[in-house]
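For reference, protein-v9.txt is printed below; it contains compact mmCIF, C-alpha atoms.
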```
# COMPACT_ATOMS: atom_id res chain seq x y z
CA MET O 24 86.47 162.66 81.02
CA ALA O 25 89.85 164.28 81.64
CA ALA O 26 91.18 166.51 78.88
CA GLU O 27 94.06 165.18 76.82
CA PRO O 28 97.37 166.50 78.17
CA ILE O 29 99.26 169.08 76.15
CA ARG O 30 102.28 167.22 74.83
CA VAL O 31 105.60 169.01 75.06
CA LEU O 32 108.81 167.80 73.43
CA ARG O 33 111.62 169.59 75.24
CA VAL O 34 115.15 169.36 73.82
CA ILE O 35 118.37 170.27 75.60
CA ALA O 36 121.89 169.63 74.35
CA ARG O 37 122.95 167.78 77.49
CA LEU O 38 121.97 167.36 81.13
CA ASN O 39 125.28 168.55 82.52
CA MET O 40 125.78 170.35 85.80
CA GLY O 41 124.42 173.87 85.56
CA GLY O 42 121.41 176.13 85.40
CA PRO O 43 119.79 174.91 82.14
CA ALA O 44 119.56 171.29 83.36
CA ILE O 45 118.12 172.35 86.72
CA HIS O 46 115.70 174.67 84.91
CA VAL O 47 114.33 172.17 82.37
CA ALA O 48 113.92 169.30 84.83
CA ASN O 49 112.00 171.37 87.36
CA LEU O 50 109.96 173.09 84.64
CA ALA O 51 108.91 169.76 83.12
CA ALA O 52 107.93 168.35 86.51
CA GLY O 53 106.07 171.50 87.54
CA LEU O 54 104.00 171.62 84.35
CA GLU O 55 102.59 168.11 84.87
CA SER O 56 100.01 169.43 87.33
CA ARG O 57 98.97 172.11 84.80
CA GLY O 58 97.80 169.65 82.15
CA TYR O 59 101.06 169.08 80.26
CA HIS O 60 103.11 165.97 79.65
CA THR O 61 106.77 166.49 78.77
CA THR O 62 109.23 164.23 77.00
CA LEU O 63 112.73 165.55 77.57
CA VAL O 64 115.35 164.87 74.89
CA ALA O 65 119.01 165.17 75.90
CA GLY O 66 122.28 164.54 74.11
CA SER O 67 125.71 163.33 75.23
CA LEU O 68 127.90 164.90 77.89
CA ALA O 69 131.23 166.36 76.89
CA ARG O 70 134.36 164.73 78.29
CA GLY O 71 134.87 165.59 81.95
CA GLU O 72 131.32 166.84 82.51
CA ASP O 73 129.18 165.61 85.41
CA SER O 74 125.62 164.52 84.75
CA MET O 75 122.42 165.90 86.27
CA SER O 76 120.18 163.19 84.78
CA PHE O 77 119.56 162.02 88.35
CA LEU O 78 117.49 165.17 88.91
CA ALA O 79 115.13 164.36 86.02
CA ASP O 80 114.85 160.79 87.31
CA ARG O 81 114.05 162.00 90.82
CA LEU O 82 111.38 164.36 89.51
CA GLY O 83 109.79 161.67 87.34
CA VAL O 84 110.60 163.37 84.02
CA SER O 85 110.74 161.05 81.01
CA VAL O 86 114.13 161.41 79.28
CA VAL O 87 114.94 160.18 75.77
CA SER O 88 118.64 160.00 75.00
CA VAL O 89 119.81 161.08 71.55
CA PRO O 90 123.56 160.54 71.94
CA GLU O 91 124.31 162.06 68.52
CA ILE O 92 123.50 165.50 69.98
CA GLN O 93 126.98 166.53 71.04
CA ARG O 94 128.61 169.76 72.10
CA GLU O 95 131.01 169.94 69.17
CA VAL O 96 129.91 170.68 65.60
CA SER O 97 129.87 167.50 63.51
CA LEU O 98 128.05 167.32 60.17
CA LEU O 99 127.49 163.58 60.55
CA HIS O 100 126.30 163.59 64.17
CA ASP O 101 124.29 166.78 63.74
CA ALA O 102 122.49 165.41 60.66
CA ARG O 103 121.67 162.19 62.49
CA SER O 104 120.42 164.22 65.45
CA VAL O 105 118.04 166.20 63.24
CA LEU O 106 116.66 163.00 61.71
CA ARG O 107 116.20 161.35 65.11
CA VAL O 108 114.39 164.34 66.64
CA ALA O 109 112.22 164.60 63.51
CA GLU O 110 111.30 160.93 64.04
CA LEU O 111 110.33 161.70 67.62
CA ILE O 112 108.17 164.60 66.45
CA ARG O 113 106.32 162.32 64.01
CA GLU O 114 105.97 159.61 66.66
CA LEU O 115 104.90 161.74 69.63
CA ARG O 116 103.05 164.50 67.77
CA PRO O 117 103.81 167.16 70.39
CA HIS O 118 101.68 170.27 70.56
CA ILE O 119 104.78 172.23 71.60
CA LEU O 120 108.45 171.88 70.72
CA HIS O 121 110.59 173.85 73.17
CA THR O 122 114.36 173.85 72.76
CA HIS O 123 116.99 174.99 75.25
CA THR O 124 120.64 175.97 74.67
CA ALA O 125 122.23 176.76 71.31
CA LYS O 126 122.98 173.28 69.95
CA ALA O 127 119.59 171.87 70.90
CA GLY O 128 117.94 174.96 69.46
CA ALA O 129 119.50 174.31 66.08
CA ILE O 130 118.87 170.55 66.08
CA GLY O 131 115.29 170.80 67.35
CA ARG O 132 114.14 173.60 65.08
CA LEU O 133 115.71 172.01 62.00
CA ALA O 134 113.94 168.78 62.96
CA ALA O 135 110.63 170.64 63.15
CA LEU O 136 111.21 171.98 59.64
CA SER O 137 112.06 168.44 58.50
CA ALA O 138 108.95 166.92 60.05
CA GLY O 139 106.67 168.24 57.32
CA PRO O 140 102.96 168.08 58.26
CA ALA O 141 103.95 166.80 61.73
CA ARG O 142 105.56 170.14 62.63
CA PRO O 143 104.31 171.03 66.11
CA PRO O 144 101.76 173.86 66.24
CA VAL O 145 104.09 175.82 68.53
CA VAL O 146 107.90 175.96 68.24
CA LEU O 147 109.94 178.09 70.61
CA HIS O 148 113.51 178.35 71.82
CA THR O 149 115.02 179.57 75.10
CA PHE O 150 118.33 181.41 75.08
CA HIS O 151 119.98 180.62 78.43
CA GLY O 152 122.63 183.06 77.26
CA HIS O 153 124.21 182.82 73.84
CA VAL O 154 127.44 181.84 72.11
CA LEU O 155 127.60 184.94 69.93
CA LYS O 156 130.13 186.75 72.11
CA GLY O 157 133.25 185.52 73.89
CA TYR O 158 133.15 181.91 72.71
CA PHE O 159 134.44 181.68 69.14
CA ASP O 160 136.60 183.55 66.63
CA THR O 161 135.03 186.20 64.37
CA PRO O 162 134.24 184.01 61.31
CA ARG O 163 132.54 181.30 63.36
CA THR O 164 130.68 183.86 65.46
CA ARG O 165 129.35 185.47 62.26
CA PHE O 166 128.34 182.05 60.92
CA PHE O 167 126.47 181.10 64.11
CA ARG O 168 124.76 184.49 64.16
CA GLU O 169 123.36 183.94 60.67
CA ILE O 170 122.13 180.48 61.69
CA GLU O 171 120.34 181.95 64.70
CA ARG O 172 118.71 184.61 62.54
CA ALA O 173 117.40 181.97 60.13
CA LEU O 174 116.14 179.72 62.92
CA ALA O 175 114.43 182.66 64.61
CA ARG O 176 112.28 183.13 61.52
CA SER O 177 111.04 179.54 61.87
CA SER O 178 110.19 179.98 65.57
CA ASP O 179 106.84 181.11 66.92
CA ALA O 180 108.51 182.75 69.91
CA LEU O 181 111.93 183.23 71.46
CA VAL O 182 112.58 183.26 75.19
CA ALA O 183 115.44 185.03 76.97
CA VAL O 184 116.32 184.38 80.60
CA SER O 185 116.89 188.07 81.30
CA PRO O 186 116.13 191.44 79.72
CA GLU O 187 119.85 191.93 79.11
CA VAL O 188 120.14 188.69 77.11
CA ARG O 189 117.08 189.71 75.08
CA ASP O 190 118.51 193.16 74.39
CA GLU O 191 121.88 191.72 73.29
CA LEU O 192 120.14 189.35 70.87
CA VAL O 193 117.96 192.12 69.47
CA ALA O 194 121.07 194.31 69.00
CA LEU O 195 122.74 191.41 67.16
CA GLY O 196 119.79 191.30 64.78
CA ILE O 197 118.60 187.81 65.76
CA ALA O 198 114.95 188.90 65.87
CA SER O 199 112.78 191.85 66.75
CA ARG O 200 112.08 192.71 70.36
CA GLU O 201 108.41 191.79 69.89
CA LYS O 202 109.29 188.16 69.17
CA PHE O 203 110.96 187.72 72.58
CA ALA O 204 109.50 186.88 75.95
CA VAL O 205 111.59 187.21 79.10
CA VAL O 206 111.22 184.23 81.44
CA ARG O 207 113.75 184.10 84.25
CA LEU O 208 115.19 180.85 85.53
CA GLY O 209 113.39 178.80 88.16
CA ILE O 210 115.58 177.04 90.72
CA PRO O 211 114.58 175.04 93.83
CA LEU O 212 116.76 177.27 96.01
CA GLN O 213 115.49 176.13 99.39
CA GLU O 214 116.13 172.51 98.46
CA ARG O 215 119.60 173.14 97.03
CA LEU O 216 120.69 175.30 99.96
CA GLU O 217 119.40 173.16 102.78
CA ASP O 218 121.29 169.93 102.12
CA ALA O 219 123.31 167.74 104.46
CA THR O 220 126.36 170.01 104.29
CA THR O 221 124.62 173.04 105.82
CA ASP O 222 126.06 172.45 109.27
CA VAL O 223 129.55 171.35 108.17
CA ASP O 224 132.32 173.58 109.51
CA TYR O 225 134.42 173.90 106.37
CA ARG O 226 136.75 176.46 107.93
CA ARG O 227 137.84 173.85 110.41
CA ALA O 228 137.82 171.05 107.80
CA TYR O 229 140.20 172.97 105.50
CA GLY O 230 142.22 174.63 108.25
CA ILE O 231 141.11 178.17 107.32
CA GLY O 232 141.68 180.70 110.08
CA ARG O 233 138.64 182.31 111.69
CA GLY O 234 139.85 185.75 110.67
CA ALA O 235 140.50 184.90 107.03
CA PHE O 236 138.28 186.40 104.34
CA VAL O 237 136.98 183.58 102.13
CA VAL O 238 136.31 184.36 98.48
CA GLY O 239 134.17 181.73 96.77
CA TRP O 240 133.60 180.64 93.21
CA VAL O 241 131.32 177.84 91.93
CA GLY O 242 131.00 176.58 88.37
CA ARG O 243 132.59 174.80 85.46
CA MET O 244 136.18 175.77 84.79
CA THR O 245 136.00 176.90 81.17
CA ALA O 246 137.47 179.82 79.23
CA VAL O 247 134.26 181.87 79.13
CA LYS O 248 134.21 181.91 82.96
CA ASP O 249 137.64 183.63 82.92
CA THR O 250 138.74 181.63 85.92
CA GLY O 251 142.28 182.93 85.59
CA SER O 252 140.96 186.34 86.63
CA VAL O 253 139.59 184.78 89.82
CA LEU O 254 143.17 184.00 90.87
CA ALA O 255 144.51 187.36 89.70
CA ILE O 256 141.84 189.21 91.69
CA VAL O 257 142.54 187.23 94.85
CA ARG O 258 146.27 187.88 94.53
CA GLU O 259 145.55 191.61 94.13
CA LEU O 260 143.25 191.45 97.15
CA ARG O 261 146.03 189.94 99.25
CA GLU O 262 148.41 192.65 98.04
CA LEU O 263 145.88 195.17 99.40
CA GLY O 264 146.53 193.68 102.84
CA VAL O 265 143.50 191.40 103.12
CA ASP O 266 144.05 187.94 104.59
CA ALA O 267 142.12 186.36 101.73
CA VAL O 268 141.78 182.71 100.75
CA LEU O 269 140.04 181.31 97.69
CA CYS O 270 137.73 178.30 97.50
CA MET O 271 136.85 177.13 93.97
CA VAL O 272 134.05 174.55 93.78
CA GLY O 273 133.80 172.77 90.44
CA ASP O 274 135.84 171.14 87.75
CA GLY O 275 136.49 171.43 84.05
CA PRO O 276 139.16 171.62 81.35
CA GLU O 277 140.84 174.67 82.89
CA ARG O 278 141.49 173.14 86.29
CA GLY O 279 145.04 171.94 85.67
CA ARG O 280 146.06 175.31 84.25
CA LEU O 281 144.50 177.11 87.22
CA GLU O 282 146.33 175.02 89.77
CA GLN O 283 149.59 175.79 87.98
CA LEU O 284 148.69 179.48 87.77
CA ALA O 285 148.08 179.57 91.52
CA HIS O 286 151.69 178.42 92.04
CA GLU O 287 152.99 180.99 89.55
CA LEU O 288 151.10 183.78 91.31
CA GLY O 289 152.41 182.67 94.70
CA ILE O 290 148.98 182.01 96.21
CA ALA O 291 148.75 178.21 95.93
CA ARG O 292 148.71 177.81 99.74
CA GLU O 293 145.72 180.16 99.92
CA CYS O 294 143.73 178.37 97.20
CA PHE O 295 141.42 175.40 97.73
CA PHE O 296 140.38 173.53 94.58
CA VAL O 297 137.70 171.21 95.98
CA GLY O 298 136.34 169.83 92.70
CA TYR O 299 132.74 169.06 91.87
CA GLN O 300 130.49 168.80 94.93
CA PRO O 301 126.94 167.36 94.60
CA GLU O 302 125.88 169.20 97.76
CA ILE O 303 127.01 172.78 98.09
CA ALA O 304 125.03 174.52 100.82
CA GLY O 305 127.91 174.34 103.27
CA TYR O 306 130.30 175.92 100.78
CA TYR O 307 128.07 178.94 100.25
CA GLY O 308 128.00 179.21 104.05
CA LEU O 309 131.80 179.21 104.06
CA PHE O 310 132.12 182.12 101.62
CA ASP O 311 132.34 185.70 102.91
CA ALA O 312 131.88 186.96 99.34
CA PHE O 313 131.26 185.39 95.96
CA LEU O 314 133.31 186.32 92.89
CA LEU O 315 132.15 185.95 89.28
CA PRO O 316 134.43 187.55 86.63
CA SER O 317 132.91 185.74 83.62
CA VAL O 318 133.33 187.07 80.08
CA ASN O 319 129.68 186.26 79.34
CA GLU O 320 126.72 184.92 81.31
CA GLY O 321 123.05 184.29 80.62
CA THR O 322 121.68 184.06 84.13
CA PRO O 323 124.40 182.93 86.57
CA VAL O 324 122.89 180.27 88.83
CA SER O 325 125.90 180.36 91.14
CA ALA O 326 125.36 184.07 91.81
CA ILE O 327 121.67 183.45 92.52
CA GLU O 328 122.57 180.67 94.94
CA ALA O 329 125.17 182.86 96.63
CA LEU O 330 122.61 185.65 97.14
CA ALA O 331 120.03 183.13 98.37
CA SER O 332 122.65 182.15 100.96
CA ALA O 333 122.93 185.84 101.96
CA THR O 334 126.44 186.08 100.49
CA PRO O 335 127.24 189.34 98.63
CA VAL O 336 128.48 189.02 95.05
CA VAL O 337 131.21 190.86 93.12
CA ALA O 338 130.75 190.20 89.40
CA ASN O 339 131.42 191.48 85.93
CA ARG O 340 128.74 193.63 84.35
CA VAL O 341 128.10 191.23 81.44
CA GLY O 342 125.09 189.45 79.93
CA GLY O 343 122.30 188.81 82.40
CA VAL O 344 124.41 189.44 85.51
CA PRO O 345 122.94 192.93 86.19
CA ASP O 346 119.47 191.33 86.29
CA VAL O 347 120.66 189.19 89.21
CA VAL O 348 123.07 191.45 91.09
CA ARG O 349 122.09 195.07 91.81
CA ASP O 350 125.19 197.22 92.12
CA GLY O 351 125.46 198.56 95.66
CA LEU O 352 122.37 196.68 96.86
CA ASP O 353 123.25 192.96 96.63
CA GLY O 354 126.94 193.30 95.83
CA TYR O 355 129.03 195.13 93.27
CA LEU O 356 129.41 195.12 89.49
CA VAL O 357 132.64 195.97 87.67
CA SER O 358 133.67 196.14 84.04
CA ALA O 359 134.92 192.93 82.44
CA GLY O 360 138.68 192.62 82.90
CA ASP O 361 138.85 195.14 85.76
CA VAL O 362 140.98 193.11 88.18
CA ASP O 363 141.85 196.11 90.34
CA GLY O 364 138.21 197.20 90.56
CA ALA O 365 137.00 193.76 91.60
CA ALA O 366 139.76 193.47 94.22
CA ALA O 367 138.87 196.91 95.60
CA LYS O 368 135.21 195.92 96.00
CA LEU O 369 136.20 192.70 97.75
CA ALA O 370 138.52 194.69 100.05
CA LEU O 371 135.59 196.95 100.91
CA LEU O 372 133.50 193.92 101.88
CA ALA O 373 136.40 192.35 103.80
CA GLY O 374 136.72 195.45 105.96
CA ASP O 375 133.04 195.83 106.82
CA ARG O 376 131.19 192.85 108.23
CA GLY O 377 128.05 194.94 108.66
CA LEU O 378 128.07 195.84 104.96
CA ARG O 379 128.41 192.17 104.02
CA LYS O 380 125.40 191.29 106.14
CA LYS O 381 123.34 194.17 104.75
CA LEU O 382 124.03 193.30 101.10
CA GLY O 383 123.56 189.59 101.75
CA ARG O 384 120.16 190.07 103.40
CA SER O 385 119.04 192.32 100.56
CA GLY O 386 120.03 189.78 97.93
CA ARG O 387 118.39 186.86 99.71
CA ALA O 388 115.09 188.69 100.17
CA ARG O 389 114.94 189.40 96.43
CA VAL O 390 116.03 186.17 94.75
CA LEU O 391 114.00 183.57 96.64
CA GLU O 392 110.73 184.55 94.94
CA ARG O 393 112.22 186.05 91.78
CA TYR O 394 113.85 182.74 90.77
CA SER O 395 111.37 180.27 92.25
CA VAL O 396 110.15 177.20 90.36
CA ALA O 397 106.51 178.15 91.06
CA ARG O 398 107.01 181.50 89.32
CA LEU O 399 108.75 179.81 86.38
CA VAL O 400 105.88 177.36 85.90
CA ASP O 401 103.33 180.17 86.03
CA ASP O 402 105.23 182.19 83.43
CA VAL O 403 105.73 179.31 81.00
CA ASP O 404 102.17 178.01 81.38
CA ARG O 405 100.87 181.48 80.52
CA LEU O 406 103.22 181.75 77.52
CA TYR O 407 102.36 178.30 76.17
CA ARG O 408 98.61 178.90 76.38
CA SER O 409 98.88 182.27 74.67
CA LEU O 410 100.83 180.69 71.80
CA LEU O 411 98.42 177.76 71.50
CA ASP O 412 95.44 180.12 71.54
CA ALA O 413 97.07 182.09 68.74
CA GLY O 414 97.33 178.91 66.70
CA GLY O 415 101.13 178.89 66.83
```
Could you show the structure in this file as C-alpha cells?
Amino acid sequence: MAAEPIRVLRVIARLNMGGPAIHVANLAAGLESRGYHTTLVAGSLARGEDSMSFLADRLGVSVVSVPEIQREVSLLHDARSVLRVAELIRELRPHILHTHTAKAGAIGRLAALSAGPARPPVVLHTFHGHVLKGYFDTPRTRFFREIERALARSSDALVAVSPEVRDELVALGIASREKFAVVRLGIPLQERLEDATTDVDYRRAYGIGRGAFVVGWVGRMTAVKDTGSVLAIVRELRELGVDAVLCMVGDGPERGRLEQLAHELGIARECFFVGYQPEIAGYYGLFDAFLLPSVNEGTPVSAIEALASATPVVANRVGGVPDVVRDGLDGYLVSAGDVDGAAAKLALLAGDRGLRKKLGRSGRARVLERYSVARLVDDVDRLYRSLLDAGG
C-alpha cells in the first residue's frame, strides 16, 4: 500500500509575474514525485499586474483563490484572509504550512496560530527578500519589523533565498542565524530561455543599428526597482560617447513617469518601452549588457536569466544581488545610487566585445545548475523531512 502523501499548504500573496510565482509553482510540481501533495493558496493581483496562474495550471498544481489576500494592508480583508486560511488548515490538515512573501507570511502564520489543535506540525516561511528596507517610511518599517519578529517566534524555520538576505534579517533582529536555512530559487531556465522568440531579430524589428550597444532591463516598473536610475545611467553612458540604446521589458505603475523622464533627459528616441512580454528569450539575446540598479532585491530572477543567456550584468550591490552576480567574473557591482560608476562599467563592456563574451560565458556556466528546479526540490525535500523528523 502506498504511503499517504505529505500534505503541504503553500501560501503566496499573489501569482503575479516574477520570481516567487515561478518558484512556488515549480517547487509544488517537483515535490509531487517525492511523496508530497501541495495545495497552493494565492490572493488577488494588484491593479496593473499580470498573472502567472497559467504556470500553476500547466504544471498541474491545485490553486485555491483567497481574494481577500491583497497587497495593501486592510484590517477587514486581512482578518477575513486569516479566518479563511485557518478554515483551510482545519479542512485539509496539512503536515506542513509553508508561506512565501511578506503578506502571505503574516496571513498564513496568524492562521496557523488561530487553527488551535489543527496547527500544522511544521510551519515555515520563505523570505524572497523583505520589505524592511527601501519600501516604507520609518514608522511603518519599524512596525513591520516587530510583526516579523513576533511571527518568527511562531515559526519552526525561516528560509532565505540567499545568504545576504539571511544576514540582513539576522542583523535586523528578526531571528537568530540558527533558525534560518538558505534555499536559493529554482527556475526552469532552459524552458524560459528557449521559447519561440529565440530566433527573432529584434535589432531589425526595432530598427536598432548593428553597431549600437543595447542595454536591457526586465521587470516590474516600481519604485524599489529605481527605474529612473536606469534612464539616468543610459544618458550618462551616451555622454561618455557610447552609442547606447535602452530596451525596457515590463510594465508597472512607474511606466508613464519613465516615458516622460526619457523625453526630459533627451533620450526618448534611444529608449524602447516594449511592455510585458510572455516570452522573453529573444530580448535577452538582444541585450549586450543587463542593468539592474534596484534599491533592494531578494534574488533577482531577471539577472539570473540574463546570465543564463550569457549576458553580463551591471547591478547595485544590494540584498541578494552579490549571491547572483560575482563582481569582475559575471559582470560588475556598484554602490546603490552610483550612476557614474554604473555607466563607467557599461562603457567598459561596450568597448570590449571579448570581455562581454568572457563574463557572459562565466555567468551562464554558474547559474544553470545553481538555480535549477531539480536542486530546489532536493533542498526543500531535505529541509521538510528534517523538520518533520524533529517533530516540528
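Interatomic distance, atom CA of Pro316 of chain O against atom CA of Arg233 of chain O: 25.9 Å.
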Distance atom CA of Glu262 of chain O-atom CA of Arg243 of chain O, one decimal place?
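Here the two named atoms are 27.0 Å from each other.
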I want to know what sits within 12 Å of Leu115 of chain O, based on all atoms listed in the file, with residues of the same chain fewer than 6 positions away left out; could you give that as a ChimeraX atom specification?
/O:29-33,60-63,87,108-109,138,141-143
Nearest to Val318 of chain O, chosen from O:Gly41, O:Gly152, O:Pro90, O:Pro211, with all atoms listed in the file counted in the distances
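Smallest separation from Val318 of chain O among the options: O:Gly152.
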Record the distance separating atom CA of Val336 of chain O and atom CA of Leu314 of chain O, expressed in Å with one decimal.
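Interatomic distance, atom CA of Val336 of chain O to atom CA of Leu314 of chain O: 5.9 Å.
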Which one is closest to Gly42 of chain O: O:Ala370, O:Val253, O:Val324, O:Leu120? Count all atoms listed in the file.
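Checking each candidate against Gly42 of chain O, we get O:Val324 as the closest.
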One residue among O:Arg398, O:Leu38, O:Ala134, O:Val47 is nearest to Ser88 of chain O when using all atoms listed in the file, and that residue is O:Leu38
Among the residues O:Pro301, O:Glu293, O:Gly374, O:Arg261, the one that comes closest to Phe77 of chain O [using all atoms listed in the file]:
O:Pro301
For each of O:Ala180, O:Val241, O:Leu309, O:Leu195, take the minimum atom-to-atom distance to Val403 of chain O, counting only C-alpha atoms, then give the residue where this is smallest.
O:Ala180
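Of the residues listed (O:Pro43, O:Pro140, O:Gly209, O:Pro117), O:Gly209 shows the shortest atom-to-atom separation from Ala397 of chain O; distances use all atoms listed in the file.
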Atom completion result for segment 256-278 of chain O (N, CA and C atoms) as a short mmCIF file (atom, residue, chain, number, x, y, z; two decimals), in the coordinates of the input:
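Listing of part-v2.cif after writing:
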```cif
data_model
loop_
_atom_site.label_atom_id
_atom_site.label_comp_id
_atom_site.auth_asym_id
_atom_site.auth_seq_id
_atom_site.Cartn_x
_atom_site.Cartn_y
_atom_site.Cartn_z
N ILE O 256 142.55 188.30 90.78
CA ILE O 256 141.84 189.21 91.69
C ILE O 256 142.17 188.89 93.14
N VAL O 257 142.22 187.61 93.47
CA VAL O 257 142.54 187.23 94.85
C VAL O 257 143.97 187.61 95.19
N ARG O 258 144.90 187.44 94.26
CA ARG O 258 146.27 187.88 94.53
C ARG O 258 146.31 189.39 94.77
N GLU O 259 145.60 190.16 93.94
CA GLU O 259 145.55 191.61 94.13
C GLU O 259 144.93 191.96 95.47
N LEU O 260 143.91 191.22 95.86
CA LEU O 260 143.25 191.45 97.15
C LEU O 260 144.23 191.23 98.30
N ARG O 261 145.04 190.20 98.22
CA ARG O 261 146.03 189.94 99.25
C ARG O 261 147.08 191.05 99.27
N GLU O 262 147.43 191.57 98.09
CA GLU O 262 148.41 192.65 98.04
C GLU O 262 147.84 193.94 98.63
N LEU O 263 146.52 194.03 98.73
CA LEU O 263 145.88 195.17 99.40
C LEU O 263 145.85 195.01 100.92
N GLY O 264 146.42 193.90 101.40
CA GLY O 264 146.53 193.68 102.84
C GLY O 264 145.43 192.84 103.45
N VAL O 265 144.58 192.24 102.61
CA VAL O 265 143.50 191.40 103.12
C VAL O 265 143.98 189.96 103.23
N ASP O 266 143.72 189.35 104.38
CA ASP O 266 144.05 187.94 104.59
C ASP O 266 142.99 187.09 103.88
N ALA O 267 143.13 187.01 102.56
CA ALA O 267 142.12 186.36 101.73
C ALA O 267 142.55 184.96 101.33
N VAL O 268 141.59 184.04 101.32
CA VAL O 268 141.78 182.71 100.75
C VAL O 268 140.69 182.49 99.70
N LEU O 269 140.97 181.59 98.78
CA LEU O 269 140.04 181.31 97.69
C LEU O 269 139.59 179.86 97.75
N CYS O 270 138.28 179.66 97.59
CA CYS O 270 137.73 178.30 97.50
C CYS O 270 136.98 178.19 96.17
N MET O 271 137.48 177.34 95.28
CA MET O 271 136.85 177.13 93.97
C MET O 271 136.18 175.77 93.95
N VAL O 272 134.85 175.78 93.79
CA VAL O 272 134.05 174.55 93.78
C VAL O 272 133.67 174.25 92.33
N GLY O 273 134.12 173.13 91.82
CA GLY O 273 133.80 172.77 90.44
C GLY O 273 135.00 172.18 89.76
N ASP O 274 134.79 171.79 88.52
CA ASP O 274 135.84 171.14 87.75
C ASP O 274 135.71 171.59 86.30
N GLY O 275 136.56 171.07 85.44
CA GLY O 275 136.49 171.43 84.05
C GLY O 275 137.86 171.43 83.39
N PRO O 276 137.91 171.72 82.10
CA PRO O 276 139.16 171.62 81.35
C PRO O 276 140.23 172.60 81.77
N GLU O 277 139.86 173.66 82.48
CA GLU O 277 140.84 174.67 82.89
C GLU O 277 141.49 174.37 84.24
N ARG O 278 141.04 173.32 84.91
CA ARG O 278 141.49 173.14 86.29
C ARG O 278 143.01 172.98 86.42
#
```
